[in-house]
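Okay, query_17.csv is below, CSV, C-alpha atoms:
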chain,number,residue,atom,x,y,z
A,1,MET,CA,0.0,0.0,0.0
A,2,ILE,CA,1.0,3.7,-0.2
A,3,ILE,CA,2.4,4.8,3.2
A,4,ALA,CA,1.9,8.4,4.3
A,5,ASP,CA,2.4,10.5,7.4
A,6,ARG,CA,0.3,13.4,8.7
A,7,LYS,CA,1.9,16.7,8.0
A,8,PRO,CA,3.2,18.8,11.0
A,9,LEU,CA,0.2,20.6,12.6
A,10,GLU,CA,2.0,23.9,12.2
A,11,GLU,CA,2.0,23.4,8.4
A,12,ILE,CA,-1.6,22.4,8.3
A,13,LEU,CA,-2.7,25.4,10.5
A,14,GLU,CA,-0.8,27.7,8.2
A,15,MET,CA,-2.6,26.3,5.1
A,16,ILE,CA,-6.0,27.0,6.7
A,17,GLN,CA,-5.0,30.3,8.4
A,18,GLY,CA,-7.6,32.5,6.8
A,19,SER,CA,-10.3,29.9,6.6
A,20,LYS,CA,-13.5,29.9,8.7
A,21,LYS,CA,-15.2,26.8,7.3
A,22,ILE,CA,-13.3,23.7,6.1
A,23,LEU,CA,-13.9,20.1,5.1
A,24,ILE,CA,-11.5,17.3,6.1
A,25,LEU,CA,-11.8,14.6,3.5
A,26,GLY,CA,-10.5,11.1,4.4
A,27,CYS,CA,-9.9,8.1,2.1
A,28,LYS,CA,-10.8,4.5,2.9
A,29,GLY,CA,-7.9,3.2,0.8
A,30,CYS,CA,-4.2,2.9,1.7
A,31,VAL,CA,-4.2,5.8,4.2
A,32,THR,CA,-6.9,4.1,6.3
A,33,VAL,CA,-4.8,0.9,6.4
A,34,CYS,CA,-1.7,2.8,7.4
A,35,ASN,CA,-3.7,4.8,10.0
A,36,VAL,CA,-3.1,8.2,8.7
A,37,GLY,CA,-6.1,9.3,6.7
A,38,GLY,CA,-9.2,7.2,7.5
A,39,VAL,CA,-12.4,8.0,9.5
A,40,LYS,CA,-10.5,7.9,12.8
A,41,GLU,CA,-7.7,10.1,11.8
A,42,VAL,CA,-10.0,12.6,10.2
A,43,GLU,CA,-11.8,12.9,13.6
A,44,VAL,CA,-8.5,13.4,15.4
A,45,LEU,CA,-7.3,16.1,13.1
A,46,ALA,CA,-10.6,17.9,13.3
A,47,ALA,CA,-10.5,17.9,17.1
A,48,THR,CA,-6.9,19.0,17.1
A,49,LEU,CA,-7.5,21.9,14.6
A,50,LYS,CA,-10.6,23.0,16.6
A,51,ILE,CA,-8.6,23.1,19.8
A,52,ALA,CA,-5.8,25.1,18.1
A,53,ARG,CA,-8.2,27.6,16.7
A,54,LYS,CA,-10.3,27.9,19.9
A,55,LYS,CA,-7.2,28.6,21.7
A,56,GLU,CA,-6.5,31.6,19.4
A,57,GLN,CA,-10.1,32.7,19.9
A,58,ASN,CA,-10.6,32.1,16.2
A,59,ASP,CA,-13.2,29.4,15.9
A,60,LEU,CA,-13.3,27.1,12.9
A,61,GLU,CA,-16.2,25.2,11.5
A,62,ILE,CA,-15.1,21.7,10.4
A,63,HIS,CA,-17.0,19.2,8.4
A,64,GLN,CA,-15.7,15.6,8.1
A,65,LYS,CA,-16.2,13.1,5.4
A,66,THR,CA,-14.4,9.9,4.3
A,67,ILE,CA,-14.9,8.5,0.9
A,68,GLU,CA,-14.1,5.0,-0.5
A,69,ARG,CA,-11.1,6.2,-2.5
A,70,GLN,CA,-9.8,9.5,-3.7
A,71,CYS,CA,-8.1,8.0,-6.8
A,72,ASP,CA,-11.2,7.0,-8.7
A,73,PRO,CA,-13.6,9.5,-10.4
A,74,GLU,CA,-16.7,7.7,-9.3
A,75,TYR,CA,-15.9,8.3,-5.6
A,76,ILE,CA,-14.6,11.8,-6.3
A,77,ASP,CA,-18.1,12.4,-7.6
A,78,GLN,CA,-19.6,11.7,-4.2
A,79,VAL,CA,-18.5,15.1,-2.9
A,80,LYS,CA,-19.9,17.1,-5.7
A,81,ASP,CA,-22.8,18.4,-3.5
A,82,VAL,CA,-20.6,19.6,-0.7
A,83,VAL,CA,-17.4,21.0,-2.3
A,84,GLY,CA,-17.7,24.7,-3.2
A,85,GLN,CA,-19.0,25.7,0.2
A,86,TYR,CA,-15.7,25.6,2.0
A,87,ASP,CA,-12.8,28.0,2.4
A,88,ALA,CA,-10.5,25.0,2.2
A,89,VAL,CA,-10.7,21.3,1.9
A,90,LEU,CA,-7.9,19.2,3.5
A,91,SER,CA,-7.4,15.9,1.8
A,92,MET,CA,-6.0,13.1,4.0
A,93,ALA,CA,-5.4,10.8,1.0
A,94,CYS,CA,-2.0,10.3,-0.7
A,95,GLY,CA,-0.8,12.8,-3.2
A,96,VAL,CA,-3.3,11.5,-5.8
A,97,GLY,CA,-6.3,12.7,-3.8
A,98,PRO,CA,-5.8,16.4,-3.8
A,99,GLN,CA,-4.9,16.3,-7.5
A,100,PHE,CA,-8.0,14.3,-8.5
A,101,LEU,CA,-10.1,16.6,-6.4
A,102,SER,CA,-8.6,19.7,-7.9
A,103,GLU,CA,-9.1,18.4,-11.4
A,104,ALA,CA,-12.8,17.6,-10.7
A,105,TYR,CA,-13.6,20.8,-8.8
A,106,PRO,CA,-11.3,23.6,-10.1
A,107,GLU,CA,-13.1,26.3,-8.1
A,108,GLN,CA,-12.4,24.7,-4.7
A,109,LYS,CA,-9.1,25.0,-2.9
A,110,PHE,CA,-7.6,21.6,-1.8
A,111,PHE,CA,-4.7,21.1,0.5
A,112,PRO,CA,-2.8,17.9,1.3
A,113,ALA,CA,-2.9,17.1,5.0
A,114,VAL,CA,-0.4,14.2,4.7
A,115,ASN,CA,3.0,13.7,3.2
A,116,THR,CA,3.0,10.7,0.9
A,117,GLU,CA,6.1,8.6,1.6
A,118,PHE,CA,6.5,5.2,-0.1
A,119,MET,CA,5.0,1.9,-1.2
A,120,GLY,CA,5.4,-0.6,1.6
A,121,GLY,CA,3.9,-2.8,4.2
A,122,ALA,CA,3.5,-3.0,8.0
A,123,VAL,CA,6.3,-5.1,9.4
A,124,THR,CA,4.5,-4.9,12.8
A,125,HIS,CA,1.6,-2.8,14.1
A,126,GLY,CA,2.7,0.8,13.8
A,127,ILE,CA,5.9,0.2,11.8
A,128,TRP,CA,5.9,0.4,8.0
A,129,GLU,CA,8.8,-0.3,5.7
A,130,GLU,CA,9.5,0.4,2.0
A,131,ARG,CA,9.3,-2.6,-0.2
A,132,CYS,CA,8.7,-1.3,-3.8
A,133,ALA,CA,10.1,1.6,-5.7
A,134,GLY,CA,7.7,1.2,-8.6
A,135,CYS,CA,10.5,0.9,-11.1
A,136,GLY,CA,8.2,-0.5,-13.7
A,137,THR,CA,10.3,-3.7,-14.4
A,138,CYS,CA,10.1,-6.1,-11.5
A,139,VAL,CA,13.2,-8.1,-10.7
A,140,ILE,CA,12.3,-9.6,-7.3
A,141,HIS,CA,12.4,-13.2,-8.6
A,142,LEU,CA,16.1,-12.8,-9.5
A,143,PHE,CA,16.9,-12.0,-5.9
A,144,ASP,CA,14.9,-14.6,-4.0
A,145,GLY,CA,12.0,-12.3,-3.1
A,146,MET,CA,14.0,-9.3,-2.0
A,147,CYS,CA,14.0,-6.1,-4.1
A,148,PRO,CA,17.5,-4.5,-4.3
A,149,ILE,CA,16.0,-1.6,-6.3
A,150,ALA,CA,13.7,-0.5,-3.4
A,151,ARG,CA,15.7,-1.8,-0.5
A,152,CYS,CA,19.4,-1.2,-1.3
A,153,SER,CA,20.3,2.5,-0.8
A,154,LYS,CA,22.2,2.4,-4.1
A,155,SER,CA,19.7,0.2,-5.9
A,156,LEU,CA,22.6,-2.1,-6.8
A,157,LEU,CA,22.1,-5.1,-9.1
A,158,HIS,CA,25.4,-6.6,-8.1
A,159,GLY,CA,25.8,-6.1,-4.4
A,160,PRO,CA,26.8,-5.8,-1.7
A,161,CYS,CA,28.9,-2.7,-1.8
A,162,GLY,CA,31.8,-1.8,0.6
A,163,GLY,CA,29.4,0.1,2.8
A,164,SER,CA,27.8,-3.1,4.1
A,165,ALA,CA,28.9,-4.1,7.6
A,166,ALA,CA,27.5,-6.7,9.9
A,167,GLY,CA,24.4,-6.9,7.8
A,168,LYS,CA,23.7,-3.2,8.0
A,169,CYS,CA,23.9,-0.4,5.5
A,170,GLU,CA,26.4,2.4,6.0
A,171,ILE,CA,23.7,5.1,5.6
A,172,ASP,CA,22.1,4.2,8.9
A,173,PRO,CA,22.7,1.4,11.5
A,174,ASP,CA,19.0,0.7,11.5
A,175,VAL,CA,18.9,0.1,7.8
A,176,VAL,CA,19.3,-3.6,6.8
A,177,CYS,CA,21.7,-4.3,4.0
A,178,ILE,CA,19.4,-6.1,1.6
A,179,TRP,CA,22.4,-7.5,-0.3
A,180,ASP,CA,23.6,-9.2,2.9
A,181,MET,CA,20.2,-10.8,3.2
A,182,ILE,CA,20.2,-11.8,-0.5
A,183,VAL,CA,23.6,-13.4,-0.3
A,184,LYS,CA,22.7,-15.2,3.0
A,185,LYS,CA,19.5,-16.6,1.5
A,186,LYS,CA,21.2,-17.7,-1.7
A,187,MET,CA,23.9,-19.5,0.4
A,188,ALA,CA,21.4,-21.2,2.6
A,189,GLN,CA,19.6,-22.5,-0.4
A,190,GLY,CA,22.7,-23.5,-2.3
A,191,ARG,CA,22.1,-21.1,-5.1
A,192,LEU,CA,25.0,-18.6,-4.6
A,193,ASP,CA,26.1,-19.2,-8.2
A,194,ASP,CA,23.0,-17.2,-9.4
A,195,LEU,CA,24.9,-14.1,-8.3
A,196,LEU,CA,27.7,-14.8,-10.7
A,197,GLU,CA,25.4,-13.9,-13.5
A,198,ILE,CA,26.1,-10.4,-15.0
A,199,ARG,CA,22.9,-8.4,-15.2
A,200,PRO,CA,22.6,-5.8,-17.9
A,201,PHE,CA,22.1,-2.2,-17.0
A,202,LYS,CA,18.6,-1.6,-15.8
A,203,ASP,CA,16.5,0.4,-18.2
A,204,TRP,CA,15.2,3.2,-15.9
A,205,ARG,CA,12.9,4.5,-18.6
A,206,THR,CA,10.1,2.4,-17.1
A,207,ALA,CA,10.7,4.1,-13.7
A,208,ARG,CA,10.2,7.8,-12.9
A,209,ASP,CA,13.3,8.6,-14.9
A,210,GLY,CA,11.2,8.2,-18.0
A,211,GLY,CA,8.9,11.0,-17.0
A,212,PRO,CA,5.3,10.7,-15.7
A,213,ARG,CA,3.8,7.3,-16.4
A,214,LYS,CA,0.5,6.1,-17.7
A,215,SER,CA,-1.0,2.6,-17.9
A,216,ILE,CA,-3.5,1.8,-20.5
A,217,ARG,CA,-5.5,-1.4,-20.5
A,218,GLU,CA,-7.3,-1.6,-23.8
A,219,GLU,CA,-9.7,-4.4,-22.6
A,220,LEU,CA,-11.0,-2.0,-19.9
A,221,THR,CA,-11.2,1.2,-21.7
B,1,MET,CA,-12.3,4.5,53.5
B,2,ARG,CA,-14.4,7.6,53.0
B,3,LEU,CA,-11.5,9.5,51.5
B,4,SER,CA,-12.1,12.8,49.9
B,5,TYR,CA,-10.7,14.2,46.7
B,6,PRO,CA,-11.3,17.5,44.9
B,7,ASN,CA,-14.8,17.6,43.5
B,8,ASN,CA,-13.7,19.2,40.3
B,9,VAL,CA,-12.5,15.8,39.1
B,10,LYS,CA,-15.2,14.1,37.0
B,11,ILE,CA,-14.8,10.4,36.7
B,12,ILE,CA,-15.7,8.6,33.5
B,13,GLN,CA,-15.5,4.8,33.9
B,14,VAL,CA,-14.3,2.5,31.2
B,15,PRO,CA,-13.9,-1.2,31.2
B,16,CYS,CA,-10.1,-0.9,30.7
B,17,THR,CA,-7.8,2.0,30.0
B,18,GLY,CA,-7.2,0.4,26.7
B,19,ARG,CA,-10.7,1.6,25.7
B,20,VAL,CA,-9.5,5.2,26.1
B,21,ASP,CA,-8.6,6.6,22.7
B,22,ILE,CA,-6.8,9.7,21.4
B,23,ILE,CA,-10.1,11.2,20.3
B,24,HIS,CA,-11.6,10.9,23.8
B,25,LEU,CA,-8.8,12.9,25.3
B,26,LEU,CA,-8.8,15.5,22.6
B,27,ARG,CA,-12.6,15.9,22.8
B,28,ALA,CA,-12.3,16.6,26.5
B,29,VAL,CA,-9.7,19.3,25.8
B,30,GLU,CA,-11.8,20.6,22.9
B,31,ASP,CA,-14.9,20.9,25.2
B,32,GLY,CA,-12.9,23.0,27.6
B,33,ALA,CA,-11.6,20.6,30.2
B,34,ASP,CA,-8.6,22.2,32.0
B,35,GLY,CA,-6.9,18.9,32.4
B,36,VAL,CA,-7.5,15.2,31.6
B,37,TYR,CA,-5.9,12.2,33.2
B,38,VAL,CA,-6.2,8.5,32.8
B,39,ALA,CA,-5.9,6.3,35.8
B,40,GLY,CA,-4.9,2.9,34.6
B,41,CYS,CA,-3.9,-0.3,36.3
B,42,LEU,CA,-0.3,-0.9,37.4
B,43,GLU,CA,2.0,-1.8,34.5
B,44,GLY,CA,2.2,-5.5,34.1
B,45,GLU,CA,-1.2,-6.0,35.8
B,46,CYS,CA,-3.6,-5.3,33.0
B,47,HIS,CA,-6.4,-7.8,32.9
B,48,PHE,CA,-6.4,-7.5,29.2
B,49,ILE,CA,-2.6,-7.9,28.9
B,50,ASN,CA,-1.5,-4.4,27.8
B,51,GLY,CA,-4.4,-2.0,27.7
B,52,ASN,CA,-2.7,0.4,30.1
B,53,ILE,CA,0.6,0.4,28.2
B,54,LYS,CA,-1.2,1.0,24.9
B,55,THR,CA,-3.1,3.9,26.4
B,56,ARG,CA,0.1,5.4,27.9
B,57,LYS,CA,1.3,5.7,24.3
B,58,LYS,CA,-1.9,7.4,23.3
B,59,VAL,CA,-1.6,9.8,26.2
B,60,GLU,CA,2.0,10.6,25.1
B,61,TYR,CA,0.7,11.3,21.5
B,62,VAL,CA,-1.9,13.7,22.8
B,63,LYS,CA,0.7,15.5,24.9
B,64,LYS,CA,2.8,15.9,21.8
B,65,VAL,CA,-0.2,17.2,19.8
B,66,LEU,CA,-0.9,19.8,22.6
B,67,GLU,CA,2.7,20.9,22.6
B,68,GLU,CA,2.7,21.2,18.8
B,69,ILE,CA,-0.3,23.6,19.0
B,70,GLY,CA,1.2,25.6,21.8
B,71,MET,CA,-0.7,24.2,24.8
B,72,GLU,CA,0.8,22.9,28.0
B,73,PRO,CA,1.3,19.1,27.5
B,74,GLU,CA,1.0,18.7,31.3
B,75,ARG,CA,-2.8,19.2,31.0
B,76,VAL,CA,-3.0,15.5,29.9
B,77,GLU,CA,-1.4,12.8,32.1
B,78,MET,CA,-1.5,9.1,32.8
B,79,PHE,CA,-1.2,7.5,36.2
B,80,ASN,CA,-0.9,3.8,37.2
B,81,LEU,CA,-2.5,2.5,40.3
B,82,SER,CA,-4.4,-0.5,41.4
B,83,SER,CA,-8.1,-0.5,42.3
B,84,ALA,CA,-7.0,-1.2,45.9
B,85,MET,CA,-5.0,2.0,46.1
B,86,GLY,CA,-7.7,4.4,47.3
B,87,LEU,CA,-5.3,6.6,49.1
B,88,ARG,CA,-3.1,7.0,46.0
B,89,PHE,CA,-6.2,7.8,44.0
B,90,ALA,CA,-7.2,10.7,46.2
B,91,GLU,CA,-3.6,11.9,46.3
B,92,ILE,CA,-3.3,11.8,42.4
B,93,ALA,CA,-6.6,13.8,42.2
B,94,ARG,CA,-5.2,16.4,44.5
B,95,GLU,CA,-1.8,16.5,42.7
B,96,MET,CA,-3.4,16.9,39.3
B,97,THR,CA,-5.8,19.5,40.5
B,98,GLU,CA,-3.0,21.5,42.0
B,99,LYS,CA,-0.9,21.2,38.9
B,100,ILE,CA,-3.8,22.3,36.6
B,101,ARG,CA,-4.6,25.2,39.0
B,102,SER,CA,-1.0,26.4,38.7
B,103,LEU,CA,-1.3,26.3,34.9
B,104,GLY,CA,-4.6,28.2,35.0
B,105,PRO,CA,-7.8,27.7,33.0
B,106,SER,CA,-7.6,26.1,29.6
B,107,PRO,CA,-7.2,28.7,26.8
B,108,VAL,CA,-9.9,26.8,25.0
B,109,LYS,CA,-12.3,27.3,27.8
B,110,LYS,CA,-11.5,31.0,28.1
B,111,ASN,CA,-12.6,31.4,24.6
B,112,LYS,CA,-15.8,29.5,25.3
B,113,ALA,CA,-16.7,31.8,28.2
B,114,ALA,CA,-16.0,34.8,26.0
Could you express the structure from this file as structure tokens?
Amino acid sequence: MIIADRKPLEEILEMIQGSKKILILGCKGCVTVCNVGGVKEVEVLAATLKIARKKEQNDLEIHQKTIERQCDPEYIDQVKDVVGQYDAVLSMACGVGPQFLSEAYPEQKFFPAVNTEFMGGAVTHGIWEERCAGCGTCVIHLFDGMCPIARCSKSLLHGPCGGSAAGKCEIDPDVVCIWDMIVKKKMAQGRLDDLLEIRPFKDWRTARDGGPRKSIREELT
Amino acid sequence: MRLSYPNNVKIIQVPCTGRVDIIHLLRAVEDGADGVYVAGCLEGECHFINGNIKTRKKVEYVKKVLEEIGMEPERVEMFNLSSAMGLRFAEIAREMTEKIRSLGPSPVKKNKAA
């Protein structure tokens, strides 16, 4: 899923500084699963902003709504009757949300209330880790289920590098050297020879380096 | 025991402190409470394994939120005591009341009165 984090309150308060009536719009997709922009988090942000503004003797009217997803036009449609009546709409979805909303309702001002971070999963409750870099050409099978593109700081295809020490990456002692894990797994399974194969340069045009991407599925259009 | 404690402390009973959520604490502050505290069981003695430990983290989160918006984080606290510690309960109620008195009324409430 897409992992996000709520923006600092100071930044959010600044976004809505001159506003008297706002809508906080949550999303029931990824941001609900990573506990940052679902029904519950919308409620918490609303209460927090109300406290902050009451404290400044500058009351704020807040409406709350959480839609199925903010990345599909049919759900974006569900707010057509309410947008337009607010000084600001805070979207708690990933970066896709405020953009789809702005495209659908050009007159309304939308603000992102979260910072979208990466594609990953929950390794335990409350801790998420990056697992996919969305490079557009998956190579996970070549490395026994571990992606060196997303999980190696240098995205090396022939690792580990000299910065690997005691299974950790030189950039941070908390970051696992994925190449250390790949080598260990290959050794355990008697397939270390796989790593002797020389991999051609990765074609990064399928990743972000090739510019904004688009996926067209003719059978669905 | 017939112990007395400050009558400004309003008690809300929950089956376990684990039931107390961030939104409950924030709503109390939003509605003008000068202070809110959670009285949970002693650590390691939760009937539901770790409800009190989970809520301590929620209390810490709310303290951080208050700090971020420029309010005194001390207005929200967590205490651990067993149901057999009546004396300590009354003592905590007094301690918390004194602390909140020294902080003064909540700025949210001030606005409400105005």
Do you have the atom CA of Glu219 of chain A-atom CA of Asp203 of chain A distance handy?
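These atoms are spaced 27.0 Å apart.
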Check: which chain B residues lie within 6 Å of chain A using all atoms listed in the file, as a compact mmCIF listing (two decimals) with C-alpha atoms, in the coordinates of the input:
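Output contents, as saved in out-v2.txt:
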# COMPACT_ATOMS: atom_id res chain seq x y z
CA ILE B 23 -10.10 11.20 20.30
CA GLU B 30 -11.80 20.60 22.90
CA ILE B 69 -0.30 23.60 19.00
CA PRO B 107 -7.20 28.70 26.80
CA VAL B 108 -9.90 26.80 25.00
CA ASN B 111 -12.60 31.40 24.60
Between atom CA of Gly120 of chain A and atom CA of Ile178 of chain A, distance in Å (one decimal)
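For atom CA of Gly120 of chain A relative to atom CA of Ile178 of chain A, the distance reads 15.0 Å.
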Separation of atom CA of Glu11 of chain A from atom CA of Lys63 of chain B, in Å and rounded to one decimal:
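Taking atom CA of Glu11 of chain A as the start and atom CA of Lys63 of chain B as the end point, the length is 18.3 Å.
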Hey, what's within 8 Å of Arg75 of chain B if we count all atoms listed in the file and toss same-chain stuff fewer than 5 positions away? As number ranges by chain, please?
B: 34-37, 63, 100
Selection to disk with C-alpha atoms, as a PDB file, in the coordinates of the input:
ATOM      1  CA  ASP B  34      -8.600  22.200  32.000  1.00  0.00           C
ATOM      2  CA  GLY B  35      -6.900  18.900  32.400  1.00  0.00           C
ATOM      3  CA  VAL B  36      -7.500  15.200  31.600  1.00  0.00           C
ATOM      4  CA  TYR B  37      -5.900  12.200  33.200  1.00  0.00           C
ATOM      5  CA  LYS B  63       0.700  15.500  24.900  1.00  0.00           C
ATOM      6  CA  ILE B 100      -3.800  22.300  36.600  1.00  0.00           C
TER       7      ILE B 100
END
Can you pull out every residue within 9 Å of Asp31 of chain B, counting all atoms listed in the file, but drop anything in the same chain fewer than 2 positions away, and send it as a list of chain:residue names?
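Within the cut-off, the hits are A:Ile51, B:Leu26, B:Arg27, B:Ala28, B:Val29, B:Ala33, B:Val108, B:Lys109, B:Lys112.
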Between B:Val65, B:Leu25, B:Val14, B:Met85, which is the closest to Gly51 of chain B once you count all atoms listed in the file?
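Nearest to Gly51 of chain B: B:Val14.
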Step by step: start from the point (-14.7, 4.4, 37.0) in the file's coordinates, keep every protein, DNA or RNA residue that has an atom no farther than 12 Å from it, count all atoms listed in the file, and write the set as a ChimeraX atom specification.
/B:9-17,38-41,83,89
Using the incomplete input, complete segment 56-77 of chain A to the level of N, CA, C and O atoms; output as a PDB file, in the frame of the given file.
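The resulting part-v8.pdb:
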ATOM      1  N   GLU A  56      -6.804  30.251  19.999  1.00  0.00           N
ATOM      2  CA  GLU A  56      -6.500  31.600  19.400  1.00  0.00           C
ATOM      3  C   GLU A  56      -7.724  32.452  19.335  1.00  0.00           C
ATOM      4  O   GLU A  56      -7.688  33.500  18.697  1.00  0.00           O
ATOM      5  N   GLN A  57      -8.820  31.989  19.907  1.00  0.00           N
ATOM      6  CA  GLN A  57     -10.100  32.700  19.900  1.00  0.00           C
ATOM      7  C   GLN A  57     -10.510  32.963  18.404  1.00  0.00           C
ATOM      8  O   GLN A  57     -10.955  34.064  18.064  1.00  0.00           O
ATOM      9  N   ASN A  58     -10.305  31.985  17.569  1.00  0.00           N
ATOM     10  CA  ASN A  58     -10.600  32.100  16.200  1.00  0.00           C
ATOM     11  C   ASN A  58     -11.263  30.825  15.707  1.00  0.00           C
ATOM     12  O   ASN A  58     -10.666  29.977  15.064  1.00  0.00           O
ATOM     13  N   ASP A  59     -12.534  30.670  16.110  1.00  0.00           N
ATOM     14  CA  ASP A  59     -13.200  29.400  15.900  1.00  0.00           C
ATOM     15  C   ASP A  59     -13.276  28.978  14.425  1.00  0.00           C
ATOM     16  O   ASP A  59     -13.290  29.813  13.526  1.00  0.00           O
ATOM     17  N   LEU A  60     -13.298  27.690  14.254  1.00  0.00           N
ATOM     18  CA  LEU A  60     -13.300  27.100  12.900  1.00  0.00           C
ATOM     19  C   LEU A  60     -14.360  26.071  12.812  1.00  0.00           C
ATOM     20  O   LEU A  60     -14.507  25.209  13.677  1.00  0.00           O
ATOM     21  N   GLU A  61     -15.161  26.176  11.738  1.00  0.00           N
ATOM     22  CA  GLU A  61     -16.200  25.200  11.500  1.00  0.00           C
ATOM     23  C   GLU A  61     -15.598  24.066  10.649  1.00  0.00           C
ATOM     24  O   GLU A  61     -15.041  24.340   9.582  1.00  0.00           O
ATOM     25  N   ILE A  62     -15.690  22.847  11.150  1.00  0.00           N
ATOM     26  CA  ILE A  62     -15.100  21.700  10.400  1.00  0.00           C
ATOM     27  C   ILE A  62     -16.128  20.673  10.079  1.00  0.00           C
ATOM     28  O   ILE A  62     -16.829  20.192  10.975  1.00  0.00           O
ATOM     29  N   HIS A  63     -16.226  20.322   8.827  1.00  0.00           N
ATOM     30  CA  HIS A  63     -17.000  19.200   8.400  1.00  0.00           C
ATOM     31  C   HIS A  63     -16.113  18.026   8.098  1.00  0.00           C
ATOM     32  O   HIS A  63     -14.997  18.250   7.637  1.00  0.00           O
ATOM     33  N   GLN A  64     -16.592  16.806   8.336  1.00  0.00           N
ATOM     34  CA  GLN A  64     -15.700  15.600   8.100  1.00  0.00           C
ATOM     35  C   GLN A  64     -16.436  14.675   7.145  1.00  0.00           C
ATOM     36  O   GLN A  64     -17.650  14.485   7.240  1.00  0.00           O
ATOM     37  N   LYS A  65     -15.668  14.085   6.274  1.00  0.00           N
ATOM     38  CA  LYS A  65     -16.200  13.100   5.400  1.00  0.00           C
ATOM     39  C   LYS A  65     -15.082  12.149   4.938  1.00  0.00           C
ATOM     40  O   LYS A  65     -13.946  12.588   4.790  1.00  0.00           O
ATOM     41  N   THR A  66     -15.402  10.896   4.812  1.00  0.00           N
ATOM     42  CA  THR A  66     -14.400   9.900   4.300  1.00  0.00           C
ATOM     43  C   THR A  66     -14.992   9.150   3.193  1.00  0.00           C
ATOM     44  O   THR A  66     -16.043   8.526   3.370  1.00  0.00           O
ATOM     45  N   ILE A  67     -14.364   9.207   2.035  1.00  0.00           N
ATOM     46  CA  ILE A  67     -14.900   8.500   0.900  1.00  0.00           C
ATOM     47  C   ILE A  67     -14.107   7.215   0.607  1.00  0.00           C
ATOM     48  O   ILE A  67     -12.999   7.060   1.115  1.00  0.00           O
ATOM     49  N   GLU A  68     -14.701   6.344  -0.186  1.00  0.00           N
ATOM     50  CA  GLU A  68     -14.100   5.000  -0.500  1.00  0.00           C
ATOM     51  C   GLU A  68     -12.667   5.131  -0.941  1.00  0.00           C
ATOM     52  O   GLU A  68     -11.787   4.451  -0.452  1.00  0.00           O
ATOM     53  N   ARG A  69     -12.445   5.974  -1.929  1.00  0.00           N
ATOM     54  CA  ARG A  69     -11.100   6.200  -2.500  1.00  0.00           C
ATOM     55  C   ARG A  69     -11.070   7.602  -3.065  1.00  0.00           C
ATOM     56  O   ARG A  69     -12.083   8.083  -3.549  1.00  0.00           O
ATOM     57  N   GLN A  70      -9.892   8.213  -3.071  1.00  0.00           N
ATOM     58  CA  GLN A  70      -9.800   9.500  -3.700  1.00  0.00           C
ATOM     59  C   GLN A  70      -8.997   9.406  -5.026  1.00  0.00           C
ATOM     60  O   GLN A  70      -8.509  10.382  -5.561  1.00  0.00           O
ATOM     61  N   CYS A  71      -8.879   8.166  -5.518  1.00  0.00           N
ATOM     62  CA  CYS A  71      -8.100   8.000  -6.800  1.00  0.00           C
ATOM     63  C   CYS A  71      -8.997   7.369  -7.844  1.00  0.00           C
ATOM     64  O   CYS A  71      -8.488   6.754  -8.777  1.00  0.00           O
ATOM     65  N   ASP A  72     -10.320   7.508  -7.716  1.00  0.00           N
ATOM     66  CA  ASP A  72     -11.200   7.000  -8.700  1.00  0.00           C
ATOM     67  C   ASP A  72     -12.333   8.075  -8.914  1.00  0.00           C
ATOM     68  O   ASP A  72     -12.940   8.520  -7.926  1.00  0.00           O
ATOM     69  N   PRO A  73     -12.603   8.470 -10.168  1.00  0.00           N
ATOM     70  CA  PRO A  73     -13.600   9.500 -10.400  1.00  0.00           C
ATOM     71  C   PRO A  73     -14.956   9.266  -9.815  1.00  0.00           C
ATOM     72  O   PRO A  73     -15.630  10.189  -9.344  1.00  0.00           O
ATOM     73  N   GLU A  74     -15.387   7.985  -9.809  1.00  0.00           N
ATOM     74  CA  GLU A  74     -16.700   7.700  -9.300  1.00  0.00           C
ATOM     75  C   GLU A  74     -16.882   8.065  -7.812  1.00  0.00           C
ATOM     76  O   GLU A  74     -17.961   8.421  -7.353  1.00  0.00           O
ATOM     77  N   TYR A  75     -15.785   7.952  -7.066  1.00  0.00           N
ATOM     78  CA  TYR A  75     -15.900   8.300  -5.600  1.00  0.00           C
ATOM     79  C   TYR A  75     -15.665   9.805  -5.443  1.00  0.00           C
ATOM     80  O   TYR A  75     -16.258  10.397  -4.548  1.00  0.00           O
ATOM     81  N   ILE A  76     -14.834  10.399  -6.299  1.00  0.00           N
ATOM     82  CA  ILE A  76     -14.600  11.800  -6.300  1.00  0.00           C
ATOM     83  C   ILE A  76     -15.968  12.556  -6.493  1.00  0.00           C
ATOM     84  O   ILE A  76     -16.261  13.590  -5.904  1.00  0.00           O
ATOM     85  N   ASP A  77     -16.798  11.917  -7.334  1.00  0.00           N
ATOM     86  CA  ASP A  77     -18.100  12.400  -7.600  1.00  0.00           C
ATOM     87  C   ASP A  77     -19.016  12.572  -6.401  1.00  0.00           C
ATOM     88  O   ASP A  77     -19.911  13.409  -6.357  1.00  0.00           O
TER      89      ASP A  77
END
